[in-house]
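Q: I'd like to ask you about the structure that follows.
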Amino acid sequence: MNVAAHLWAMAASVPGAIALEVQSTGERVTFGALAERASAMARGLQAFGIGKGDRVLLMVRPGTDFAALAFALLGLGAVVVFVDPGMGRRHLVDCIAHARPKAIVAERLLHALCVLHPRALVGVQARLSVGWWPGAASVAHLRRHPGAGFEPTPLSPSDDAVVAFTSGATGKPKGVLLQHSVLAAQLESFKRLSGIGRGDVYLATLPVLAILGPGFGCATVLPDIDASRPRDANPLTLVAAIRHYGVTHSFGSPAVWRNVAQAGARLPSMRCLLIGGAPVAPSLLATLAALIPNGSVHTPYGATEAVPLACASASEILREVETHRGTLVGRPLRDVELRIVAISDGPLAEARALPVGEVGEIVVRGPVVSRTYERRRDADSLAKIPDPGGHWHRMGDLGCLDGAGRLWFCGRKSERVDSGATTLFTACVEPRFEAHPSVQRVALVRAGGKAILVVEARPGAKADAKAAAEILALRGELPVERVLFKRRLPLDARHGAKILRGELAHWAEGRLA
């Protein structure tokens, strides 16, 4: 087994079919040409001593070289390390140092950063750069190697393929170790979920998702956006890509698709849109459903450690009015086992299921679930639950199952608010207050030993004592003590969708002091 083999299989069966469309350069690359470039680069990487099991950091701008390098490294059996460049300099250096790559293949800016922070270079034996950099070989030179006869290295399903770091939006980034069998299972699950296949056109709003294209058997479009800040994506650029290339499928964050929705352009070529990675507002789902008249919108639930796990359609979500339950994320997908267990901040020895309707921690297991973190026994001890039938992974999320077997998301475990005898869950409480016309965003936090609402007012709305009293009056039986207004709620830099409640709670403590 080698997930990269899909590229060479497509090159053998349909060498002239389009594999990659690069919007920024206008390049159109066939499966045959992409496999040829990946083969040449694999031979070049071999000349630098890179082979099976070696960790290699890949941080190259989206394009043909990025895709070819990813397939070359996977084809060699190397372990590709992906780090989100939008996580900030400190986290970025920490992640590189933690991964201990044997080689770095990156843009010059990343090489410069590593020079400023030499701990990131400990153990690095080879450096390759896009463009000239002192002491680094040129990525362009890799293309000159003869690639004829290269074949992907046969691997065991349990061999490591990728280290993908979590975003760090709600905590310290962790390296998630994904095996070839896990990537293969995730690929098949997304194919079943979306119905994608030959003849389709896939828009990869995250560059790392470009490696799924050959497995889907279709063309992949790399849009001209800054992958480190999808929240800033130009909606006209995305609409142009969808219309020009006839995009039929995409999977991306709500930050990207919120921008597209604001453009208000109909997208008749699209048949399936999957949105995930951050909370998706029902209003966004309604808008997108209207803009995609010939397709459907879905919200797969998962995380870097395990995806996809469950899914709901926009139409199903919009039919639900019981917002006190949280956010509907749908039924568990095929081969995914999911349970709700008692909330605990320490390690768990077993995954004992709670009764239907009771809120607890979401735990999962199955072929799409990662087995371990990269050199983080502390994280493994907290996130993994041993079981004779296979370990369970704790998602760090809270939820409940309803009588129909559907999963409802109730918020992050670390963000629950204990208020005396009652525990409040963010996704169950906040929607009640979002109904007020003055509220743009609202966050439930604990400050001064009390449950506090922090509100970002809509543009033009008054953020005064009268508005605060009106908002607080919506609490009903909830033990929410006070409403504070803040001009802007802090959001994660990448998606612009996850509220940084820890930072917000610290601010609220200062206001109440």
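Please note that chains go A, B, ... in the order of the structure tokens, that every chain numbers its residues from 1, and that ligands are numbered from 1 in the order shown.
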Write out as a PyMOL selection string the residues lying within 8 Å of Arg416 in chain A, counting only C-alpha atoms and excluding same-chain residues fewer than 6 positions away.
A: chain A and resi 423-426+445
Q: Considering only C-alpha atoms, give me a table of residues in range 365-423 of chain A that are at most 12 Å from range 189-207 of chain A, with the closest atom pair and distance in Å for each, as a tab-separated table.
A:
```
residue	atom	partner	partner_atom	distance
A:Gly366	CA	A:Ser189	CA	11.4
A:Pro367	CA	A:Ser189	CA	9.8
A:Val368	CA	A:Ser189	CA	8.2
A:Val369	CA	A:Ser189	CA	11.8
```
Q: What's the 8 Å shell around Ala120 in chain A, counting only C-alpha atoms, without same-chain residues fewer than 2 positions away, as a ChimeraX atom specification?
A: /A:93-94,96-97,100,114,117-118,122
Q: Pick out the residues sitting within 7 Å of range 127-135 of chain A, and hand them over as a count of residues only; count only C-alpha atoms, and ignore anything fewer than 4 positions along from it in its own chain.
A: 7
Q: Could you please write out, as a PDB file with N, CA and C atoms, in the first residue's frame, every residue of range 125-301 of chain A that DSSP assigns to helix (DSSP H, G or I)?
A:
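Listed below is the output, result23.pdb:
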```pdb
ATOM      1  N   VAL A 139      15.236  23.471  -5.664  1.00  0.00           N
ATOM      2  CA  VAL A 139      14.167  22.532  -6.004  1.00  0.00           C
ATOM      3  C   VAL A 139      14.111  22.329  -7.510  1.00  0.00           C
ATOM      4  N   ALA A 140      14.386  23.398  -8.274  1.00  0.00           N
ATOM      5  CA  ALA A 140      14.327  23.299  -9.739  1.00  0.00           C
ATOM      6  C   ALA A 140      15.285  22.229 -10.264  1.00  0.00           C
ATOM      7  N   HIS A 141      16.436  22.036  -9.581  1.00  0.00           N
ATOM      8  CA  HIS A 141      17.410  21.039 -10.035  1.00  0.00           C
ATOM      9  C   HIS A 141      16.861  19.618  -9.925  1.00  0.00           C
ATOM     10  N   LEU A 142      15.900  19.416  -9.022  1.00  0.00           N
ATOM     11  CA  LEU A 142      15.346  18.067  -8.869  1.00  0.00           C
ATOM     12  C   LEU A 142      14.645  17.603 -10.145  1.00  0.00           C
ATOM     13  N   HIS A 180      -0.486   5.380   6.127  1.00  0.00           N
ATOM     14  CA  HIS A 180      -1.030   5.228   4.776  1.00  0.00           C
ATOM     15  C   HIS A 180      -2.433   4.630   4.825  1.00  0.00           C
ATOM     16  N   SER A 181      -2.679   3.711   5.747  1.00  0.00           N
ATOM     17  CA  SER A 181      -4.016   3.112   5.833  1.00  0.00           C
ATOM     18  C   SER A 181      -5.054   4.137   6.259  1.00  0.00           C
ATOM     19  N   VAL A 182      -4.667   5.078   7.151  1.00  0.00           N
ATOM     20  CA  VAL A 182      -5.601   6.115   7.611  1.00  0.00           C
ATOM     21  C   VAL A 182      -5.929   7.065   6.458  1.00  0.00           C
ATOM     22  N   LEU A 183      -4.905   7.508   5.709  1.00  0.00           N
ATOM     23  CA  LEU A 183      -5.151   8.389   4.563  1.00  0.00           C
ATOM     24  C   LEU A 183      -6.016   7.699   3.519  1.00  0.00           C
ATOM     25  N   ALA A 184      -5.756   6.399   3.289  1.00  0.00           N
ATOM     26  CA  ALA A 184      -6.555   5.659   2.309  1.00  0.00           C
ATOM     27  C   ALA A 184      -8.014   5.559   2.750  1.00  0.00           C
ATOM     28  N   ALA A 185      -8.229   5.333   4.037  1.00  0.00           N
ATOM     29  CA  ALA A 185      -9.596   5.242   4.562  1.00  0.00           C
ATOM     30  C   ALA A 185     -10.300   6.591   4.479  1.00  0.00           C
ATOM     31  N   GLN A 186      -9.587   7.677   4.789  1.00  0.00           N
ATOM     32  CA  GLN A 186     -10.176   9.008   4.691  1.00  0.00           C
ATOM     33  C   GLN A 186     -10.542   9.337   3.251  1.00  0.00           C
ATOM     34  N   LEU A 187      -9.684   8.967   2.326  1.00  0.00           N
ATOM     35  CA  LEU A 187      -9.954   9.193   0.902  1.00  0.00           C
ATOM     36  C   LEU A 187     -11.233   8.487   0.467  1.00  0.00           C
ATOM     37  N   GLU A 188     -11.360   7.214   0.819  1.00  0.00           N
ATOM     38  CA  GLU A 188     -12.546   6.450   0.434  1.00  0.00           C
ATOM     39  C   GLU A 188     -13.804   7.007   1.091  1.00  0.00           C
ATOM     40  N   SER A 189     -13.685   7.460   2.325  1.00  0.00           N
ATOM     41  CA  SER A 189     -14.851   8.004   3.013  1.00  0.00           C
ATOM     42  C   SER A 189     -15.328   9.293   2.353  1.00  0.00           C
ATOM     43  N   PHE A 190     -14.398  10.157   1.974  1.00  0.00           N
ATOM     44  CA  PHE A 190     -14.780  11.394   1.281  1.00  0.00           C
ATOM     45  C   PHE A 190     -15.382  11.091  -0.090  1.00  0.00           C
ATOM     46  N   LYS A 191     -14.889  10.059  -0.744  1.00  0.00           N
ATOM     47  CA  LYS A 191     -15.469   9.679  -2.044  1.00  0.00           C
ATOM     48  C   LYS A 191     -16.917   9.233  -1.881  1.00  0.00           C
ATOM     49  N   ARG A 192     -17.179   8.418  -0.867  1.00  0.00           N
ATOM     50  CA  ARG A 192     -18.560   7.967  -0.626  1.00  0.00           C
ATOM     51  C   ARG A 192     -19.449   9.152  -0.246  1.00  0.00           C
ATOM     52  N   LEU A 193     -18.912  10.044   0.557  1.00  0.00           N
ATOM     53  CA  LEU A 193     -19.691  11.166   1.079  1.00  0.00           C
ATOM     54  C   LEU A 193     -20.083  12.150  -0.021  1.00  0.00           C
ATOM     55  N   SER A 194     -19.158  12.409  -0.938  1.00  0.00           N
ATOM     56  CA  SER A 194     -19.378  13.445  -1.948  1.00  0.00           C
ATOM     57  C   SER A 194     -19.800  12.916  -3.312  1.00  0.00           C
ATOM     58  N   PRO A 207      -3.922  23.565   0.203  1.00  0.00           N
ATOM     59  CA  PRO A 207      -2.978  22.881  -0.689  1.00  0.00           C
ATOM     60  C   PRO A 207      -2.780  21.407  -0.366  1.00  0.00           C
ATOM     61  N   VAL A 208      -2.755  21.071   0.949  1.00  0.00           N
ATOM     62  CA  VAL A 208      -2.516  19.674   1.323  1.00  0.00           C
ATOM     63  C   VAL A 208      -3.599  18.758   0.749  1.00  0.00           C
ATOM     64  N   LEU A 209      -4.798  19.299   0.524  1.00  0.00           N
ATOM     65  CA  LEU A 209      -5.883  18.481  -0.014  1.00  0.00           C
ATOM     66  C   LEU A 209      -5.673  18.151  -1.486  1.00  0.00           C
ATOM     67  N   ALA A 210      -4.690  18.790  -2.124  1.00  0.00           N
ATOM     68  CA  ALA A 210      -4.403  18.493  -3.523  1.00  0.00           C
ATOM     69  C   ALA A 210      -3.936  17.053  -3.710  1.00  0.00           C
ATOM     70  N   ILE A 211      -3.392  16.459  -2.654  1.00  0.00           N
ATOM     71  CA  ILE A 211      -2.906  15.081  -2.788  1.00  0.00           C
ATOM     72  C   ILE A 211      -4.061  14.086  -2.884  1.00  0.00           C
ATOM     73  N   LEU A 212      -5.303  14.551  -2.647  1.00  0.00           N
ATOM     74  CA  LEU A 212      -6.457  13.664  -2.768  1.00  0.00           C
ATOM     75  C   LEU A 212      -6.915  13.509  -4.218  1.00  0.00           C
ATOM     76  N   GLY A 213      -6.578  14.485  -5.079  1.00  0.00           N
ATOM     77  CA  GLY A 213      -7.099  14.508  -6.437  1.00  0.00           C
ATOM     78  C   GLY A 213      -6.943  13.219  -7.228  1.00  0.00           C
ATOM     79  N   PRO A 214      -5.705  12.690  -7.358  1.00  0.00           N
ATOM     80  CA  PRO A 214      -5.552  11.435  -8.105  1.00  0.00           C
ATOM     81  C   PRO A 214      -6.334  10.276  -7.495  1.00  0.00           C
ATOM     82  N   GLY A 215      -6.482  10.279  -6.157  1.00  0.00           N
ATOM     83  CA  GLY A 215      -7.290   9.242  -5.524  1.00  0.00           C
ATOM     84  C   GLY A 215      -8.759   9.384  -5.867  1.00  0.00           C
ATOM     85  N   PHE A 216      -9.211  10.622  -6.041  1.00  0.00           N
ATOM     86  CA  PHE A 216     -10.577  10.862  -6.488  1.00  0.00           C
ATOM     87  C   PHE A 216     -10.732  10.509  -7.967  1.00  0.00           C
ATOM     88  N   PRO A 230      -7.088  31.852   4.779  1.00  0.00           N
ATOM     89  CA  PRO A 230      -8.269  31.688   3.919  1.00  0.00           C
ATOM     90  C   PRO A 230      -9.362  32.708   4.199  1.00  0.00           C
ATOM     91  N   ARG A 231      -9.367  33.277   5.401  1.00  0.00           N
ATOM     92  CA  ARG A 231     -10.381  34.286   5.735  1.00  0.00           C
ATOM     93  C   ARG A 231     -10.247  35.518   4.843  1.00  0.00           C
ATOM     94  N   ASP A 232      -9.049  35.719   4.231  1.00  0.00           N
ATOM     95  CA  ASP A 232      -8.824  36.884   3.376  1.00  0.00           C
ATOM     96  C   ASP A 232      -8.958  36.554   1.893  1.00  0.00           C
ATOM     97  N   PRO A 235     -13.247  36.728  -2.899  1.00  0.00           N
ATOM     98  CA  PRO A 235     -14.382  35.934  -3.398  1.00  0.00           C
ATOM     99  C   PRO A 235     -14.487  35.935  -4.918  1.00  0.00           C
ATOM    100  N   LEU A 236     -14.110  37.044  -5.557  1.00  0.00           N
ATOM    101  CA  LEU A 236     -14.196  37.098  -7.021  1.00  0.00           C
ATOM    102  C   LEU A 236     -13.195  36.139  -7.666  1.00  0.00           C
ATOM    103  N   THR A 237     -12.032  35.983  -7.021  1.00  0.00           N
ATOM    104  CA  THR A 237     -11.033  35.034  -7.513  1.00  0.00           C
ATOM    105  C   THR A 237     -11.566  33.604  -7.429  1.00  0.00           C
ATOM    106  N   LEU A 238     -12.212  33.285  -6.320  1.00  0.00           N
ATOM    107  CA  LEU A 238     -12.754  31.934  -6.145  1.00  0.00           C
ATOM    108  C   LEU A 238     -13.910  31.678  -7.105  1.00  0.00           C
ATOM    109  N   VAL A 239     -14.803  32.646  -7.250  1.00  0.00           N
ATOM    110  CA  VAL A 239     -15.924  32.489  -8.175  1.00  0.00           C
ATOM    111  C   VAL A 239     -15.403  32.295  -9.602  1.00  0.00           C
ATOM    112  N   ALA A 240     -14.376  33.062  -9.954  1.00  0.00           N
ATOM    113  CA  ALA A 240     -13.792  32.942 -11.289  1.00  0.00           C
ATOM    114  C   ALA A 240     -13.217  31.545 -11.508  1.00  0.00           C
ATOM    115  N   ALA A 241     -12.550  30.996 -10.490  1.00  0.00           N
ATOM    116  CA  ALA A 241     -11.981  29.650 -10.611  1.00  0.00           C
ATOM    117  C   ALA A 241     -13.076  28.604 -10.788  1.00  0.00           C
ATOM    118  N   ILE A 242     -14.131  28.719  -9.983  1.00  0.00           N
ATOM    119  CA  ILE A 242     -15.222  27.746 -10.054  1.00  0.00           C
ATOM    120  C   ILE A 242     -15.880  27.778 -11.426  1.00  0.00           C
ATOM    121  N   ARG A 243     -16.114  28.962 -11.931  1.00  0.00           N
ATOM    122  CA  ARG A 243     -16.799  29.090 -13.223  1.00  0.00           C
ATOM    123  C   ARG A 243     -15.886  28.729 -14.388  1.00  0.00           C
ATOM    124  N   HIS A 244     -14.634  29.170 -14.347  1.00  0.00           N
ATOM    125  CA  HIS A 244     -13.723  28.925 -15.465  1.00  0.00           C
ATOM    126  C   HIS A 244     -13.406  27.435 -15.628  1.00  0.00           C
ATOM    127  N   TYR A 245     -13.162  26.769 -14.516  1.00  0.00           N
ATOM    128  CA  TYR A 245     -12.759  25.364 -14.583  1.00  0.00           C
ATOM    129  C   TYR A 245     -13.943  24.400 -14.466  1.00  0.00           C
ATOM    130  N   PRO A 254     -15.286  27.394   6.505  1.00  0.00           N
ATOM    131  CA  PRO A 254     -16.343  28.406   6.376  1.00  0.00           C
ATOM    132  C   PRO A 254     -15.794  29.787   6.069  1.00  0.00           C
ATOM    133  N   ALA A 255     -14.523  30.051   6.426  1.00  0.00           N
ATOM    134  CA  ALA A 255     -13.936  31.356   6.124  1.00  0.00           C
ATOM    135  C   ALA A 255     -13.911  31.598   4.624  1.00  0.00           C
ATOM    136  N   VAL A 256     -13.508  30.586   3.866  1.00  0.00           N
ATOM    137  CA  VAL A 256     -13.454  30.705   2.413  1.00  0.00           C
ATOM    138  C   VAL A 256     -14.851  30.876   1.841  1.00  0.00           C
ATOM    139  N   TRP A 257     -15.766  30.034   2.279  1.00  0.00           N
ATOM    140  CA  TRP A 257     -17.092  30.019   1.665  1.00  0.00           C
ATOM    141  C   TRP A 257     -17.984  31.159   2.156  1.00  0.00           C
ATOM    142  N   ARG A 258     -17.647  31.731   3.296  1.00  0.00           N
ATOM    143  CA  ARG A 258     -18.337  32.942   3.726  1.00  0.00           C
ATOM    144  C   ARG A 258     -18.043  34.075   2.743  1.00  0.00           C
ATOM    145  N   ASN A 259     -16.780  34.154   2.286  1.00  0.00           N
ATOM    146  CA  ASN A 259     -16.413  35.172   1.304  1.00  0.00           C
ATOM    147  C   ASN A 259     -17.129  34.946  -0.021  1.00  0.00           C
ATOM    148  N   VAL A 260     -17.192  33.680  -0.440  1.00  0.00           N
ATOM    149  CA  VAL A 260     -17.874  33.367  -1.692  1.00  0.00           C
ATOM    150  C   VAL A 260     -19.351  33.740  -1.596  1.00  0.00           C
ATOM    151  N   ALA A 261     -19.960  33.444  -0.455  1.00  0.00           N
ATOM    152  CA  ALA A 261     -21.380  33.756  -0.270  1.00  0.00           C
ATOM    153  C   ALA A 261     -21.630  35.254  -0.375  1.00  0.00           C
ATOM    154  N   GLN A 262     -20.694  36.054   0.134  1.00  0.00           N
ATOM    155  CA  GLN A 262     -20.849  37.510   0.091  1.00  0.00           C
ATOM    156  C   GLN A 262     -20.825  38.045  -1.340  1.00  0.00           C
ATOM    157  N   ALA A 263     -20.171  37.307  -2.247  1.00  0.00           N
ATOM    158  CA  ALA A 263     -20.143  37.731  -3.647  1.00  0.00           C
ATOM    159  C   ALA A 263     -21.510  37.562  -4.299  1.00  0.00           C
ATOM    160  N   PRO A 282     -25.794  28.680  10.448  1.00  0.00           N
ATOM    161  CA  PRO A 282     -26.934  28.290   9.607  1.00  0.00           C
ATOM    162  C   PRO A 282     -27.239  29.313   8.512  1.00  0.00           C
ATOM    163  N   SER A 283     -27.027  30.590   8.798  1.00  0.00           N
ATOM    164  CA  SER A 283     -27.280  31.611   7.781  1.00  0.00           C
ATOM    165  C   SER A 283     -26.364  31.434   6.573  1.00  0.00           C
ATOM    166  N   LEU A 284     -25.108  31.013   6.823  1.00  0.00           N
ATOM    167  CA  LEU A 284     -24.181  30.759   5.721  1.00  0.00           C
ATOM    168  C   LEU A 284     -24.638  29.552   4.904  1.00  0.00           C
ATOM    169  N   LEU A 285     -25.106  28.507   5.585  1.00  0.00           N
ATOM    170  CA  LEU A 285     -25.601  27.325   4.889  1.00  0.00           C
ATOM    171  C   LEU A 285     -26.787  27.680   3.995  1.00  0.00           C
ATOM    172  N   ALA A 286     -27.685  28.494   4.506  1.00  0.00           N
ATOM    173  CA  ALA A 286     -28.864  28.879   3.726  1.00  0.00           C
ATOM    174  C   ALA A 286     -28.468  29.668   2.482  1.00  0.00           C
ATOM    175  N   THR A 287     -27.515  30.587   2.637  1.00  0.00           N
ATOM    176  CA  THR A 287     -27.073  31.396   1.505  1.00  0.00           C
ATOM    177  C   THR A 287     -26.404  30.529   0.443  1.00  0.00           C
ATOM    178  N   LEU A 288     -25.503  29.639   0.871  1.00  0.00           N
ATOM    179  CA  LEU A 288     -24.786  28.793  -0.082  1.00  0.00           C
ATOM    180  C   LEU A 288     -25.722  27.815  -0.790  1.00  0.00           C
ATOM    181  N   ALA A 289     -26.684  27.274  -0.046  1.00  0.00           N
ATOM    182  CA  ALA A 289     -27.643  26.349  -0.664  1.00  0.00           C
ATOM    183  C   ALA A 289     -28.387  27.031  -1.813  1.00  0.00           C
ATOM    184  N   ALA A 290     -28.672  28.332  -1.653  1.00  0.00           N
ATOM    185  CA  ALA A 290     -29.373  29.078  -2.709  1.00  0.00           C
ATOM    186  C   ALA A 290     -28.457  29.363  -3.895  1.00  0.00           C
ATOM    187  N   LEU A 291     -27.149  29.469  -3.647  1.00  0.00           N
ATOM    188  CA  LEU A 291     -26.196  29.781  -4.712  1.00  0.00           C
ATOM    189  C   LEU A 291     -25.741  28.548  -5.484  1.00  0.00           C
TER     190      LEU A 291
END
```
Q: How many Å lie between CA of Pro15 in chain A and CA of Thr30 in chain A, rounded to one decimal?
A: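 Taking CA of Pro15 in chain A and CA of Thr30 in chain A, their separation equals 6.5 Å.
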Q: Just asking: which residues within range 438-468 of chain A are strand (DSSP E or B) according to DSSP, as a compact mmCIF listing (two decimals) with N, CA and C atoms, in the first residue's frame?
A:
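Resulting contents of result15.txt:
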```
# COMPACT_ATOMS: atom_id res chain seq x y z
N VAL A 439 -26.73 41.68 18.20
CA VAL A 439 -25.60 40.76 18.39
C VAL A 439 -24.99 40.33 17.05
N GLN A 440 -23.71 40.63 16.89
CA GLN A 440 -22.94 40.13 15.75
C GLN A 440 -22.31 38.79 16.12
N ARG A 441 -21.64 38.77 17.26
CA ARG A 441 -21.06 37.54 17.80
C ARG A 441 -21.24 37.57 19.30
N VAL A 442 -21.29 36.38 19.91
CA VAL A 442 -21.41 36.30 21.35
C VAL A 442 -20.60 35.11 21.84
N ALA A 443 -19.98 35.27 23.00
CA ALA A 443 -19.20 34.19 23.58
C ALA A 443 -19.51 34.06 25.06
N LEU A 444 -19.70 32.83 25.49
CA LEU A 444 -19.90 32.52 26.90
C LEU A 444 -18.55 32.19 27.52
N VAL A 445 -18.20 32.89 28.60
CA VAL A 445 -16.94 32.63 29.28
C VAL A 445 -17.17 32.65 30.79
N ARG A 446 -16.19 32.16 31.53
CA ARG A 446 -16.23 32.24 32.98
C ARG A 446 -15.25 33.32 33.43
N ALA A 447 -15.76 34.27 34.16
CA ALA A 447 -14.91 35.36 34.67
C ALA A 447 -15.46 35.81 36.01
N LYS A 450 -18.16 33.66 37.59
CA LYS A 450 -19.52 33.69 37.08
C LYS A 450 -19.55 33.41 35.58
N ALA A 451 -20.74 33.05 35.09
CA ALA A 451 -20.96 32.89 33.66
C ALA A 451 -21.25 34.26 33.06
N ILE A 452 -20.41 34.69 32.13
CA ILE A 452 -20.50 36.02 31.54
C ILE A 452 -20.67 35.89 30.03
N LEU A 453 -21.48 36.76 29.44
CA LEU A 453 -21.57 36.84 27.98
C LEU A 453 -20.77 38.04 27.51
N VAL A 454 -19.93 37.81 26.51
CA VAL A 454 -19.21 38.92 25.87
C VAL A 454 -19.76 39.05 24.47
N VAL A 455 -20.21 40.25 24.14
CA VAL A 455 -20.93 40.48 22.89
C VAL A 455 -20.18 41.46 22.00
N GLU A 456 -20.09 41.11 20.73
CA GLU A 456 -19.64 42.04 19.70
C GLU A 456 -20.89 42.52 18.99
N ALA A 457 -21.15 43.81 19.06
CA ALA A 457 -22.38 44.37 18.49
C ALA A 457 -22.28 44.48 16.97
```
Q: Which value, in Å to one decimal, gives the distance between CA of Glu305 in chain A and CA of Ala99 in chain A?
A: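 Interatomic distance, CA of Glu305 in chain A to CA of Ala99 in chain A: 16.4 Å.
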Q: Write out as JSON, numbers by chain each polymer residue whose atoms come within 8 Å of range 38-41 of chain A, counting only C-alpha atoms; drop sequence neighbours fewer than 5 positions from it.
A: {"A": [68, 69, 71, 72, 142, 143, 144, 145, 146, 147, 148, 150, 151]}
Q: Can you pull out every residue within 7 Å of Val79 in chain A, counting only C-alpha atoms, but drop anything in the same chain fewer than 4 positions away, and send it as a CSV table (one decimal) with N, CA and C atoms, in the first residue's frame?
A:
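Result file follows (result26.csv):
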```csv
chain,number,residue,atom,x,y,z
A,53,GLY,N,10.7,6.4,5.6
A,53,GLY,CA,10.6,6.7,7.1
A,53,GLY,C,11.3,8.0,7.4
A,54,ASP,N,11.9,8.7,6.5
A,54,ASP,CA,12.6,10.0,6.8
A,54,ASP,C,11.5,11.1,6.9
A,55,ARG,N,11.6,11.9,7.9
A,55,ARG,CA,10.7,13.1,8.0
A,55,ARG,C,11.2,14.2,7.2
A,56,VAL,N,10.3,14.7,6.3
A,56,VAL,CA,10.7,15.8,5.4
A,56,VAL,C,9.7,16.9,5.6
A,74,LEU,N,5.9,11.0,-0.7
A,74,LEU,CA,5.1,9.9,-0.4
A,74,LEU,C,5.5,8.6,-1.2
A,160,ASP,N,4.0,5.1,8.4
A,160,ASP,CA,3.7,6.5,8.5
A,160,ASP,C,3.7,7.2,7.2
A,161,ALA,N,2.8,8.1,6.9
A,161,ALA,CA,2.7,8.8,5.7
A,161,ALA,C,2.9,10.3,5.9
A,162,VAL,N,2.2,10.9,6.9
A,162,VAL,CA,2.2,12.3,7.1
A,162,VAL,C,2.2,12.7,8.6
A,163,VAL,N,2.9,13.8,8.9
A,163,VAL,CA,2.7,14.4,10.2
A,163,VAL,C,2.0,15.8,9.9
```
Q: When distances are computed from only C-alpha atoms, which of A:Tyr373, A:Phe251, A:Phe82, A:Trp408 shows the smallest separation from Pro308 in chain A?
A: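 Closest to Pro308 in chain A, using only C-alpha atoms: A:Phe251.
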Q: Which residue, A:Val80, A:Val359, A:Leu407, A:Ala383, has the smallest gap to Leu333 in chain A when you use only C-alpha atoms?
A: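 Using only C-alpha atoms, Leu333 in chain A sits closest to A:Leu407.
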